[in-house]
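Here's upload.txt, which has compact mmCIF, C-alpha atoms:
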```txt
# COMPACT_ATOMS: atom_id res chain seq x y z
CA MET C 75 -102.57 224.97 7.64
CA ILE C 76 -103.12 227.28 4.66
CA ASP C 77 -105.53 230.14 4.01
CA VAL C 78 -105.76 231.28 0.38
CA GLN C 79 -108.22 233.96 -0.69
CA LEU C 80 -108.91 236.07 -3.76
CA LEU C 81 -110.87 239.08 -2.52
CA ALA C 82 -112.69 242.05 -4.00
CA THR C 83 -112.46 243.92 -0.68
CA ASP C 84 -109.59 245.49 1.29
CA LEU C 85 -106.92 243.02 2.40
CA SER C 86 -105.88 242.72 6.04
CA SER C 87 -102.27 241.91 6.87
CA ALA C 88 -103.37 241.56 10.50
CA ALA C 89 -105.78 238.77 9.53
CA CYS C 90 -103.04 236.94 7.63
CA GLU C 91 -100.57 237.30 10.50
CA ALA C 92 -103.20 236.15 13.01
CA PHE C 93 -103.95 233.06 10.90
CA VAL C 94 -100.33 231.87 10.83
CA ARG C 95 -99.49 232.54 14.48
CA SER C 96 -98.87 229.53 16.71
CA ASP C 97 -96.92 228.75 19.87
CA ALA C 98 -94.50 226.63 17.83
CA ALA C 99 -93.69 229.42 15.38
CA GLY C 100 -90.74 231.56 16.41
CA GLY C 101 -90.62 233.54 13.18
CA VAL C 102 -93.37 235.12 11.12
CA VAL C 103 -92.57 236.97 7.89
CA VAL C 104 -95.26 239.01 6.20
CA PHE C 105 -94.96 240.45 2.71
CA VAL C 106 -97.34 243.27 1.82
CA GLY C 107 -97.44 244.43 -1.80
CA ASN C 108 -98.96 247.86 -2.24
CA VAL C 109 -99.85 249.91 -5.32
CA ARG C 110 -97.01 252.35 -6.00
CA ASN C 111 -97.61 255.90 -7.15
CA GLN C 112 -95.32 255.42 -10.14
CA THR C 113 -93.86 252.80 -12.41
CA GLN C 114 -90.78 253.55 -14.52
CA GLN C 115 -91.11 257.27 -13.70
CA LYS C 116 -94.72 257.38 -14.92
CA LYS C 117 -97.42 258.47 -12.49
CA VAL C 118 -99.90 255.67 -11.79
CA LEU C 119 -103.52 256.73 -11.22
CA ARG C 120 -104.97 253.32 -10.28
CA LEU C 121 -104.85 249.72 -11.38
CA HIS C 122 -107.18 246.86 -12.07
CA PHE C 123 -106.63 243.16 -11.36
CA GLU C 124 -108.51 240.53 -13.27
CA ALA C 125 -108.17 236.84 -12.44
CA TYR C 126 -109.01 233.45 -13.87
CA ARG C 127 -110.54 232.76 -10.48
CA PRO C 128 -110.59 228.95 -9.99
CA MET C 129 -107.08 228.49 -11.35
CA ALA C 130 -105.71 231.56 -9.56
CA ILE C 131 -106.91 230.08 -6.29
CA SER C 132 -105.60 226.57 -7.06
CA GLU C 133 -102.19 227.94 -8.12
CA MET C 134 -101.95 230.00 -4.91
CA GLN C 135 -102.87 226.90 -2.92
CA LYS C 136 -100.06 224.97 -4.66
CA ILE C 137 -97.61 227.70 -3.67
CA ALA C 138 -98.79 227.65 -0.06
CA TYR C 139 -98.45 223.86 0.16
CA ARG C 140 -94.96 224.01 -1.38
CA ALA C 141 -93.97 226.60 1.24
CA VAL C 142 -94.93 224.00 3.83
CA ALA C 143 -93.50 220.91 2.11
CA ASP C 144 -90.29 222.37 0.65
CA PHE C 145 -89.45 225.14 3.14
CA GLY C 146 -90.76 223.82 6.45
CA ALA C 147 -93.38 226.52 6.96
CA LEU C 148 -95.98 225.71 9.62
CA LYS C 149 -98.77 227.91 8.31
CA VAL C 150 -99.19 230.10 5.24
CA ALA C 151 -101.76 232.74 4.32
CA ILE C 152 -101.99 234.23 0.82
CA HIS C 153 -104.62 236.90 0.16
CA HIS C 154 -104.79 238.60 -3.25
CA ARG C 155 -107.02 241.42 -4.42
CA GLU C 156 -109.08 241.57 -7.57
CA GLY C 157 -110.86 244.58 -9.05
CA THR C 158 -109.81 248.23 -9.00
CA LEU C 159 -107.15 249.53 -6.56
CA GLN C 160 -105.98 253.05 -5.79
CA VAL C 161 -102.38 254.08 -5.05
CA GLY C 162 -101.35 252.88 -1.58
CA GLN C 163 -103.90 250.07 -1.44
CA THR C 164 -102.73 246.52 -0.82
CA ALA C 165 -102.62 244.11 -3.76
CA VAL C 166 -101.30 241.04 -1.97
CA VAL C 167 -100.43 239.82 1.51
CA ILE C 168 -98.37 236.68 2.17
CA ALA C 169 -97.76 235.60 5.77
CA VAL C 170 -95.54 232.63 6.62
CA ALA C 171 -94.83 231.18 10.05
CA ALA C 172 -91.98 228.76 10.69
CA PRO C 173 -90.10 227.49 13.74
CA HIS C 174 -87.10 229.65 12.78
CA ARG C 175 -86.76 232.87 10.87
CA LYS C 176 -84.65 231.73 7.92
CA ALA C 177 -87.31 229.27 6.78
CA ALA C 178 -89.98 231.97 7.16
CA PHE C 179 -87.99 234.48 5.06
CA ASP C 180 -87.13 231.92 2.37
CA ALA C 181 -90.68 230.55 2.14
CA CYS C 182 -92.23 234.02 1.95
CA ALA C 183 -89.83 235.19 -0.78
CA PHE C 184 -90.43 231.93 -2.67
CA ALA C 185 -94.19 232.46 -2.42
CA ILE C 186 -94.28 236.00 -3.82
CA ASP C 187 -91.68 235.22 -6.51
CA THR C 188 -93.67 232.17 -7.67
CA LEU C 189 -97.01 233.95 -7.44
CA LYS C 190 -95.72 236.54 -9.90
CA GLU C 191 -94.73 233.78 -12.32
CA THR C 192 -97.57 231.28 -12.19
CA VAL C 193 -100.82 232.68 -10.79
CA PRO C 194 -103.24 233.72 -13.56
CA ILE C 195 -103.94 237.26 -12.44
CA TRP C 196 -103.47 240.24 -14.73
CA LYS C 197 -102.81 243.83 -13.81
CA LYS C 198 -103.77 246.83 -15.93
CA GLU C 199 -102.12 250.11 -14.97
CA TYR C 200 -103.91 253.38 -15.66
CA PHE C 201 -101.82 256.48 -16.40
CA GLU C 202 -102.82 260.02 -17.25
CA ASP C 203 -102.26 259.28 -20.94
CA GLY C 204 -103.43 255.68 -21.27
CA GLN C 205 -103.38 252.20 -19.85
CA VAL C 206 -101.28 249.07 -20.21
CA TRP C 207 -101.44 245.37 -19.32
CA VAL C 208 -98.33 244.97 -17.17
CA ALA C 209 -95.58 242.65 -18.43
CA ALA C 210 -97.52 241.69 -21.57
CA HIS C 211 -94.78 242.87 -23.93
CA PRO C 212 -91.00 242.48 -23.68
CA MET U 50 -87.57 257.69 8.21
CA ILE U 51 -86.88 255.33 11.11
CA ASP U 52 -88.83 254.43 14.24
CA VAL U 53 -86.87 252.52 16.90
CA GLN U 54 -88.42 251.63 20.24
CA LEU U 55 -87.60 249.44 23.24
CA LEU U 56 -90.90 248.80 24.97
CA ALA U 57 -92.13 247.19 28.19
CA THR U 58 -95.62 246.78 26.71
CA ASP U 59 -97.12 244.61 23.94
CA LEU U 60 -95.65 245.23 20.50
CA SER U 61 -97.88 246.06 17.53
CA SER U 62 -96.87 244.81 14.10
CA ALA U 63 -99.71 246.92 12.70
CA ALA U 64 -98.11 250.07 14.13
CA CYS U 65 -94.75 249.17 12.57
CA GLU U 66 -96.34 248.42 9.20
CA ALA U 67 -98.34 251.65 9.32
CA PHE U 68 -95.18 253.66 10.07
CA VAL U 69 -93.31 252.36 7.01
CA ARG U 70 -96.16 252.62 4.48
CA SER U 71 -95.85 255.21 1.75
CA ASP U 72 -97.15 255.69 -1.78
CA ALA U 73 -93.62 255.15 -3.12
CA ALA U 74 -93.17 251.78 -1.39
CA GLY U 75 -94.29 248.82 -3.46
CA GLY U 76 -93.00 246.22 -1.03
CA VAL U 77 -93.26 245.98 2.74
CA VAL U 78 -91.68 243.08 4.63
CA VAL U 79 -92.47 242.59 8.30
CA PHE U 80 -90.61 240.18 10.56
CA VAL U 81 -92.37 239.21 13.79
CA GLY U 82 -90.38 237.21 16.34
CA ASN U 83 -92.56 235.41 18.87
CA VAL U 84 -91.74 233.41 22.00
CA ARG U 85 -91.76 229.72 21.06
CA ASN U 86 -93.18 227.07 23.37
CA GLN U 87 -89.96 225.07 23.19
CA THR U 88 -86.27 225.37 22.56
CA GLN U 89 -84.17 222.32 21.74
CA GLN U 90 -87.06 220.02 22.77
CA LYS U 91 -87.38 221.66 26.19
CA LYS U 92 -90.68 223.27 27.14
CA VAL U 93 -90.33 227.03 27.65
CA LEU U 94 -92.52 228.58 30.38
CA ARG U 95 -91.69 232.23 29.78
CA LEU U 96 -88.71 234.45 29.16
CA HIS U 97 -87.24 237.70 30.34
CA PHE U 98 -85.42 240.34 28.29
CA GLU U 99 -83.03 242.75 29.90
CA ALA U 100 -81.36 245.54 27.94
CA TYR U 101 -78.56 248.05 28.28
CA ARG U 102 -81.15 250.61 27.23
CA PRO U 103 -79.29 253.59 25.70
CA MET U 104 -76.91 251.40 23.73
CA ALA U 105 -79.63 248.93 22.69
CA ILE U 106 -81.56 251.85 21.20
CA SER U 107 -78.51 253.37 19.50
CA GLU U 108 -77.46 250.01 18.03
CA MET U 109 -80.99 249.44 16.69
CA GLN U 110 -80.92 252.94 15.18
CA LYS U 111 -77.62 252.12 13.46
CA ILE U 112 -79.19 249.00 11.97
CA ALA U 113 -82.21 250.94 10.74
CA TYR U 114 -80.04 253.60 9.10
CA ARG U 115 -77.89 250.94 7.44
CA ALA U 116 -81.06 249.31 6.05
CA VAL U 117 -81.76 252.67 4.40
CA ALA U 118 -78.21 253.53 3.31
CA ASP U 119 -76.98 250.08 2.26
CA PHE U 120 -80.20 248.36 1.11
CA GLY U 121 -82.30 251.21 -0.28
CA ALA U 122 -85.09 250.93 2.29
CA LEU U 123 -87.41 253.95 2.39
CA LYS U 124 -88.60 253.53 5.97
CA VAL U 125 -87.73 251.13 8.80
CA ALA U 126 -89.41 250.41 12.12
CA ILE U 127 -87.75 248.27 14.81
CA HIS U 128 -89.65 247.64 18.04
CA HIS U 129 -88.17 245.34 20.70
CA ARG U 130 -89.66 244.20 23.98
CA GLU U 131 -88.05 244.23 27.39
CA GLY U 132 -89.31 242.55 30.57
CA THR U 133 -91.15 239.26 30.97
CA LEU U 134 -92.90 237.56 28.03
CA GLN U 135 -95.17 234.53 27.86
CA VAL U 136 -95.19 231.91 25.10
CA GLY U 137 -96.75 233.35 21.93
CA GLN U 138 -96.01 236.95 22.81
CA THR U 139 -94.02 239.10 20.41
CA ALA U 140 -90.37 239.84 21.21
CA VAL U 141 -89.47 241.91 18.17
CA VAL U 142 -91.07 243.47 15.11
CA ILE U 143 -89.07 244.79 12.15
CA ALA U 144 -90.92 246.43 9.26
CA VAL U 145 -89.12 247.60 6.13
CA ALA U 146 -90.60 249.39 3.13
CA ALA U 147 -88.76 249.71 -0.17
CA PRO U 148 -89.70 250.56 -3.74
CA HIS U 149 -89.31 246.88 -4.71
CA ARG U 150 -89.66 243.66 -2.80
CA LYS U 151 -86.12 242.29 -3.03
CA ALA U 152 -84.67 245.29 -1.22
CA ALA U 153 -87.38 245.00 1.44
CA PHE U 154 -86.67 241.28 2.02
CA ASP U 155 -82.89 241.75 2.09
CA ALA U 156 -83.02 244.76 4.40
CA CYS U 157 -85.42 243.06 6.82
CA ALA U 158 -83.32 239.88 7.00
CA PHE U 159 -80.17 242.00 7.47
CA ALA U 160 -81.85 243.91 10.28
CA ILE U 161 -82.93 240.89 12.34
CA ASP U 162 -79.64 239.03 11.70
CA THR U 163 -77.62 242.04 12.83
CA LEU U 164 -79.89 242.79 15.78
CA LYS U 165 -79.17 239.31 17.09
CA GLU U 166 -75.43 239.93 16.85
CA THR U 167 -74.95 243.48 18.05
CA VAL U 168 -77.83 244.83 20.13
CA PRO U 169 -77.14 244.57 23.89
CA ILE U 170 -80.29 242.75 24.93
CA TRP U 171 -80.18 239.51 26.91
CA LYS U 172 -82.78 236.78 27.08
CA LYS U 173 -83.27 234.43 30.00
CA GLU U 174 -85.40 231.36 29.30
CA TYR U 175 -87.38 229.77 32.14
CA PHE U 176 -87.98 226.00 32.03
CA GLU U 177 -89.75 223.70 34.44
CA ASP U 178 -86.38 222.70 35.90
CA GLY U 179 -84.39 225.92 35.76
CA GLN U 180 -83.40 228.92 33.75
CA VAL U 181 -80.63 229.90 31.36
CA TRP U 182 -79.16 233.00 29.74
CA VAL U 183 -79.55 232.17 26.06
CA ALA U 184 -76.36 231.85 23.95
CA ALA U 185 -74.08 232.64 26.88
CA HIS U 186 -72.17 229.38 26.61
CA PRO U 187 -70.90 227.53 23.52
CA MET N 97 -57.18 254.21 38.69
CA ARG N 98 -60.50 252.94 40.01
CA ILE N 99 -62.95 251.76 37.34
CA LYS N 100 -66.60 250.95 37.81
CA VAL N 101 -67.99 248.27 35.52
CA ILE N 102 -71.68 247.75 34.82
CA ALA N 103 -72.81 244.22 34.14
CA PHE N 104 -75.88 242.72 32.42
CA GLY N 105 -77.21 239.23 31.91
CA ILE N 106 -74.89 236.40 32.83
CA SER N 107 -71.98 238.76 33.50
CA ARG N 108 -73.92 240.19 36.46
CA ASP N 109 -74.40 236.64 37.76
CA ILE N 110 -70.68 235.94 37.39
CA LEU N 111 -69.67 239.10 39.27
CA GLY N 112 -72.11 238.12 42.05
CA ASP N 113 -71.94 240.41 45.08
CA PHE N 114 -68.70 241.95 43.89
CA ASN N 115 -68.98 245.73 44.18
CA ASN N 116 -68.00 246.27 40.51
CA GLN N 117 -65.06 248.54 41.44
CA ILE N 118 -61.77 247.52 39.85
CA ASP N 119 -58.34 249.06 40.42
CA LEU N 120 -56.06 249.29 37.40
CA ASN N 121 -52.59 250.75 36.91
CA GLU N 122 -52.57 253.74 34.60
CA PRO N 123 -52.55 253.89 31.66
CA ALA N 124 -55.02 251.03 31.21
CA THR N 125 -56.77 249.65 28.16
CA VAL N 126 -59.81 247.49 27.60
CA ALA N 127 -57.42 244.54 27.18
CA ASP N 128 -55.97 245.16 30.65
CA LEU N 129 -59.42 245.23 32.20
CA LYS N 130 -60.40 242.06 30.39
CA GLN N 131 -57.29 240.22 31.57
CA LEU N 132 -57.93 241.21 35.18
CA LEU N 133 -61.58 240.17 35.04
CA LEU N 134 -60.77 236.79 33.48
CA GLN N 135 -58.21 236.15 36.26
CA ARG N 136 -60.48 237.11 39.12
CA PHE N 137 -63.66 235.58 37.66
CA PRO N 138 -62.65 232.49 35.66
CA ASP N 139 -66.31 231.84 34.77
CA PHE N 140 -65.95 234.60 32.15
CA CYS N 141 -63.62 232.21 30.28
CA LYS N 142 -66.53 229.82 29.75
CA LEU N 143 -68.62 232.38 27.85
CA THR N 144 -68.95 232.26 24.07
CA SER N 145 -67.67 235.83 23.98
CA LEU N 146 -67.11 238.85 26.21
CA ARG N 147 -67.15 242.31 24.72
CA PHE N 148 -66.95 245.73 26.36
CA ALA N 149 -68.87 248.91 25.71
CA LEU N 150 -67.26 252.25 26.44
CA ASN N 151 -69.66 255.15 26.82
CA GLY N 152 -72.34 253.35 24.84
CA GLU N 153 -70.23 252.06 21.94
CA TYR N 154 -68.45 248.76 21.39
CA ALA N 155 -64.81 249.16 22.45
CA ASP N 156 -61.63 247.73 20.95
CA ASP N 157 -59.03 245.96 23.07
CA ALA N 158 -56.59 248.85 22.57
CA ASP N 159 -59.00 251.58 23.71
CA ALA N 160 -57.73 253.52 26.74
CA LEU N 161 -59.83 253.65 29.89
CA ALA N 162 -60.45 256.69 32.05
CA GLU N 163 -61.97 256.88 35.50
CA ARG N 164 -65.25 258.49 34.47
CA ASP N 165 -65.96 256.17 31.50
CA GLU N 166 -69.13 254.12 31.50
CA ILE N 167 -67.80 250.61 31.04
CA VAL N 168 -70.31 247.85 30.39
CA LEU N 169 -69.60 244.14 30.15
CA ILE N 170 -71.35 242.65 27.11
CA PRO N 171 -71.66 238.86 27.31
CA PRO N 172 -73.22 237.12 24.25
CA VAL N 173 -76.35 239.05 23.31
CA SER N 174 -79.62 237.23 22.63
CA GLY N 175 -82.25 239.75 21.60
CA GLY N 176 -84.86 239.12 18.92
CA MET F 254 -113.75 219.76 -33.72
CA ARG F 255 -115.00 223.10 -32.46
CA ILE F 256 -113.10 224.52 -29.49
CA LYS F 257 -114.09 227.45 -27.30
CA VAL F 258 -111.25 229.46 -25.85
CA ILE F 259 -111.58 231.80 -22.88
CA ALA F 260 -109.33 234.83 -22.82
CA PHE F 261 -108.13 237.16 -20.06
CA GLY F 262 -106.11 240.34 -19.93
CA ILE F 263 -104.41 241.37 -23.15
CA SER F 264 -105.40 238.14 -24.91
CA ARG F 265 -109.04 239.24 -24.68
CA ASP F 266 -108.08 242.57 -26.25
CA ILE F 267 -106.23 240.75 -29.05
CA LEU F 268 -109.17 238.46 -29.83
CA GLY F 269 -111.43 241.53 -29.96
CA ASP F 270 -115.00 240.79 -31.03
CA PHE F 271 -114.02 237.33 -32.25
CA ASN F 272 -116.54 234.80 -30.92
CA ASN F 273 -113.79 232.61 -29.38
CA GLN F 274 -114.89 229.51 -31.35
CA ILE F 275 -112.07 227.79 -33.22
CA ASP F 276 -112.32 224.82 -35.60
CA LEU F 277 -109.48 222.31 -35.47
CA ASN F 278 -108.90 219.04 -37.30
CA GLU F 279 -108.92 216.03 -34.95
CA PRO F 280 -106.81 214.93 -33.23
CA ALA F 281 -105.58 218.36 -32.12
CA THR F 282 -103.05 219.40 -29.52
CA VAL F 283 -102.30 222.60 -27.63
CA ALA F 284 -99.52 223.23 -30.15
CA ASP F 285 -102.01 223.07 -33.05
CA LEU F 286 -104.29 225.56 -31.34
CA LYS F 287 -101.39 227.87 -30.60
CA GLN F 288 -100.20 227.79 -34.22
CA LEU F 289 -103.68 228.63 -35.49
CA LEU F 290 -104.10 231.50 -33.06
CA LEU F 291 -100.70 232.99 -33.89
CA GLN F 292 -101.59 232.87 -37.59
CA ARG F 293 -105.01 234.45 -37.23
CA PHE F 294 -104.02 236.96 -34.55
CA PRO F 295 -100.40 237.97 -35.18
CA ASP F 296 -100.50 240.32 -32.17
CA PHE F 297 -100.04 237.22 -29.99
CA CYS F 298 -96.50 236.96 -31.44
CA LYS F 299 -95.63 240.27 -29.79
CA LEU F 300 -96.36 238.99 -26.28
CA THR F 301 -93.58 238.02 -23.89
CA SER F 302 -95.22 234.59 -23.60
CA LEU F 303 -98.48 232.79 -24.29
CA ARG F 304 -99.42 229.75 -22.23
CA PHE F 305 -102.59 227.68 -22.17
CA ALA F 306 -104.59 226.24 -19.32
CA LEU F 307 -106.58 223.07 -19.83
CA ASN F 308 -109.33 222.49 -17.28
CA GLY F 309 -107.64 224.73 -14.74
CA GLU F 310 -104.05 223.48 -15.07
CA TYR F 311 -101.15 224.68 -17.20
CA ALA F 312 -101.02 222.59 -20.37
CA ASP F 313 -98.06 221.28 -22.34
CA ASP F 314 -97.79 221.76 -26.11
CA ALA F 315 -98.36 218.04 -26.68
CA ASP F 316 -101.57 217.81 -24.64
CA ALA F 317 -104.56 216.64 -26.67
CA LEU F 318 -107.65 218.84 -26.88
CA ALA F 319 -111.25 217.66 -26.64
CA GLU F 320 -114.41 219.58 -27.42
CA ARG F 321 -115.59 219.99 -23.85
CA ASP F 322 -112.25 221.11 -22.39
CA GLU F 323 -112.04 224.50 -20.72
CA ILE F 324 -109.21 226.13 -22.63
CA VAL F 325 -107.91 229.44 -21.31
CA LEU F 326 -105.30 231.67 -22.92
CA ILE F 327 -102.71 232.79 -20.38
CA PRO F 328 -100.74 235.83 -21.50
CA PRO F 329 -97.92 237.02 -19.19
CA VAL F 330 -99.33 237.12 -15.68
CA SER F 331 -98.79 240.17 -13.46
CA GLY F 332 -100.31 239.52 -10.06
CA GLY F 333 -98.77 240.60 -6.80
```

Output the file's structure as C-alpha cells, nothing else.
Amino acid sequence: MIDVQLLATDLSSAACEAFVRSDAAGGVVVFVGNVRNQTQQKKVLRLHFEAYRPMAISEMQKIAYRAVADFGALKVAIHHREGTLQVGQTAVVIAVAAPHRKAAFDACAFAIDTLKETVPIWKKEYFEDGQVWVAAHP
Amino acid sequence: MIDVQLLATDLSSAACEAFVRSDAAGGVVVFVGNVRNQTQQKKVLRLHFEAYRPMAISEMQKIAYRAVADFGALKVAIHHREGTLQVGQTAVVIAVAAPHRKAAFDACAFAIDTLKETVPIWKKEYFEDGQVWVAAHP
Amino acid sequence: MRIKVIAFGISRDILGDFNNQIDLNEPATVADLKQLLLQRFPDFCKLTSLRFALNGEYADDADALAERDEIVLIPPVSGG
Amino acid sequence: MRIKVIAFGISRDILGDFNNQIDLNEPATVADLKQLLLQRFPDFCKLTSLRFALNGEYADDADALAERDEIVLIPPVSGG
C-alpha cells in the first residue's frame, strides 16, 4: 500500500505514479519538488541533503500511513533524495492515488507539508559566496 | 508557456511533466485522472469521450492561461483524451509548475475543477446492463 | 430565419433523427431558441442543465442569433 | 551517566570537534540534556528550534535518558 524510499540516485516520478495506480483509483496526484536555480534572489549552485536515515524513513512511512488512514488514499509513494543535487534535479516525489480527486489532492498536500515539518532531512544550499543550512535560523 | 491537447491516443503524464519543468520551478503538481472500475457500486466496462473539439481546446487554453495569470503558474500542460477508454486508462493529465508548491497545488486543483465544469467534453459510461451519459440528469 | 443546431452527447440522443434545422422569427435570441427546443423536445427539461455555444463561446440568453452562426447545444459536460 | 549524542546538519557544525560525550547526573531527562547543551554551546540558542530524537522517535522534554539510548539532535529540518 505504501512505498517509501530514501535514495542516493535520481528519483523517478514515473515509478511513483506506476506504484500507486490501480483500477479503483480515479485520481492520482503527484508532487515533484525540484531544485530551483535561486532562493530569495540568490543564485543556487547546488545543494546537499543529509538524513538521519532510519528515522527519516520511519517518519515518511508514518506520513504515508496517515495519508491512507486520515485522507482515504489507496496507495502512497514517497521517494526522497539524499546526497548532492544540481539545479533542476528532483529532491522529492510524492504520489497519492484515491478513489476521487479531492482526497488525492488533500493527501498529497498533507504529505509534503508534513514531510517538511517532521522528517529529519537537512538541506545545505551552496551559493557563489558561501553555503547555508536551510531554515536553521529565524 | 501552455500545452493543451485533445488526443485520440494514450496520454503521457511524463510528457506533461517534462513540458512544465524549468529551473525556476520548485514545485510541480501533476493530476492524472484514470478510468475507475466502478461508479456508484456499478461495474464499469469502458467509457467513451466525445468532444466539441475547437471549443474544448479553447476552453482548456483559457483554463491554462488563468492558472498562469490568477495562480502564478509558470507553465501548464493539459492533455485530454477522446474516444473509447478501458478501465485503468488515463482520461486527463494536468501538470502545473510554479516557483512554490502551494501555487502549483492550487492551480492544478483549479484547472481540473474548472475543466469538469466548462470544457465541452461528454463521457458515456458502459455497464453490463446499459450505458449512460454521465451527469446528464440530476 | 432558419437556424442549424449542432448537438453532442445526450442532446444528440434527444434530438434523434430530427434534421437539426429550426425556424425562428427574427430577431431571435438564445432564449427564444431554448424555449422552442424545450417545447418540441421535453426531454431537454429533464437535464441538469442546457447551455448554448455561439461560434465556439458560451452564449448568454440575451445573445442574438443569426443564420450563419454555429450554434451548439451543451448538455451537462463530463470531461476529466 | 555518560551520554553520546549524534548530530546532523547545523548541530554538527555547532558541536565542532567536541567528542559528543556528555556527562549528566542521574536521573536525567531530555530537558536536562537540552539545558546543558544550550549552556555549553550558546549557538544552539540562535536556531529556530532544537528537538531531540530518542531511539528513532521524537522525544518529549520529560523523557528520561539512559546510557545506551540513541540520542540525536534535530535542528530545523529542511527536506523536500

Close residues, Leu286 in chain F itself excluded, 9 Å, all atoms listed in the file, min 5 positions apart in chain, as a short mmCIF file (atom, residue, chain, number, x, y, z; two decimals) with C-alpha atoms, keeping the file's coordinate frame:
```cif
data_model
loop_
_atom_site.label_atom_id
_atom_site.label_comp_id
_atom_site.auth_asym_id
_atom_site.auth_seq_id
_atom_site.Cartn_x
_atom_site.Cartn_y
_atom_site.Cartn_z
CA ILE F 275 -112.07 227.79 -33.22
CA LEU F 277 -109.48 222.31 -35.47
CA ALA F 281 -105.58 218.36 -32.12
CA LEU F 291 -100.70 232.99 -33.89
CA LEU F 318 -107.65 218.84 -26.88
#
```

Check every residue of chain C for an atom within 8 Å of chain F, counting all atoms listed in the file, and provide those that qualify as a list in words.
Gly107, Phe123, Glu124, Ala125, Tyr126, Pro128, Met129, His154, Ala165, Val166, Ile186, Leu189, Lys190, Glu191, Thr192, Val193, Pro194, Ile195, Trp196, Lys197, Lys198, Trp207, Val208, Ala209, Ala210, His211 and Pro212 of chain C

Return the neighbours of chain C among the residues of chain U, cut-off 7 Å, counting all atoms listed in the file, as a PyMOL selection string.
chain U and resi 63+71-86+136-137

Name all residues at most 6 Å from Ile324 in chain F (count all atoms listed in the file; drop same-chain ones fewer than 2 positions away) and give them as a list in words.
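Near neighbours after the sequence-gap exclusion: Val258, Ala306, Leu307 and Asp322 of chain F.
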
Output C-alpha atoms of each residue in that selection to a file, as an mmCIF file, keeping the file's coordinate frame.
```
data_model
loop_
_atom_site.group_PDB
_atom_site.id
_atom_site.type_symbol
_atom_site.label_atom_id
_atom_site.label_comp_id
_atom_site.auth_asym_id
_atom_site.auth_seq_id
_atom_site.Cartn_x
_atom_site.Cartn_y
_atom_site.Cartn_z
ATOM 1 C CA VAL F 258 -111.250 229.460 -25.850
ATOM 2 C CA ALA F 306 -104.590 226.240 -19.320
ATOM 3 C CA LEU F 307 -106.580 223.070 -19.830
ATOM 4 C CA ASP F 322 -112.250 221.110 -22.390
#
```

Can you tell me, as a PyMOL selection string, what residues are no more than 9 Å from Lys287 in chain F when counting only C-alpha atoms, ignoring any on the same chain fewer than 4 positions away?
chain F and resi 282-283+291-292+303-305+314

Let me make sure I understand: among F:Ala284, F:Ala312, F:Met254, F:Phe294, which one has the smallest atom-to-atom distance to Phe271 in chain F if we use all atoms listed in the file?
F:Phe294

Between F:Glu323, F:Asp313, F:Asp276, F:Arg293, single out the one closest to Arg255 in chain F, counting only C-alpha atoms.
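Ranked by minimum distance to Arg255 in chain F, first place goes to F:Asp276.
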
To one decimal in Å, tell me the separation between CA of Gly121 in chain U and CA of Ala152 in chain U.
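Calculated distance between CA of Gly121 in chain U and CA of Ala152 in chain U is 6.4 Å.
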
So how many Å separate CA of Cys90 in chain C and CA of Leu148 in chain C, to one decimal?
13.4 Å

What does the structure give for the distance between CA of Gln54 in chain U and CA of Phe93 in chain C, in Å to one decimal?
25.9 Å

Quick one: of F:Lys257, F:Leu268, F:Asn278, F:Ala319, who's nearest to Asp296 in chain F, counting all atoms listed in the file?
F:Leu268
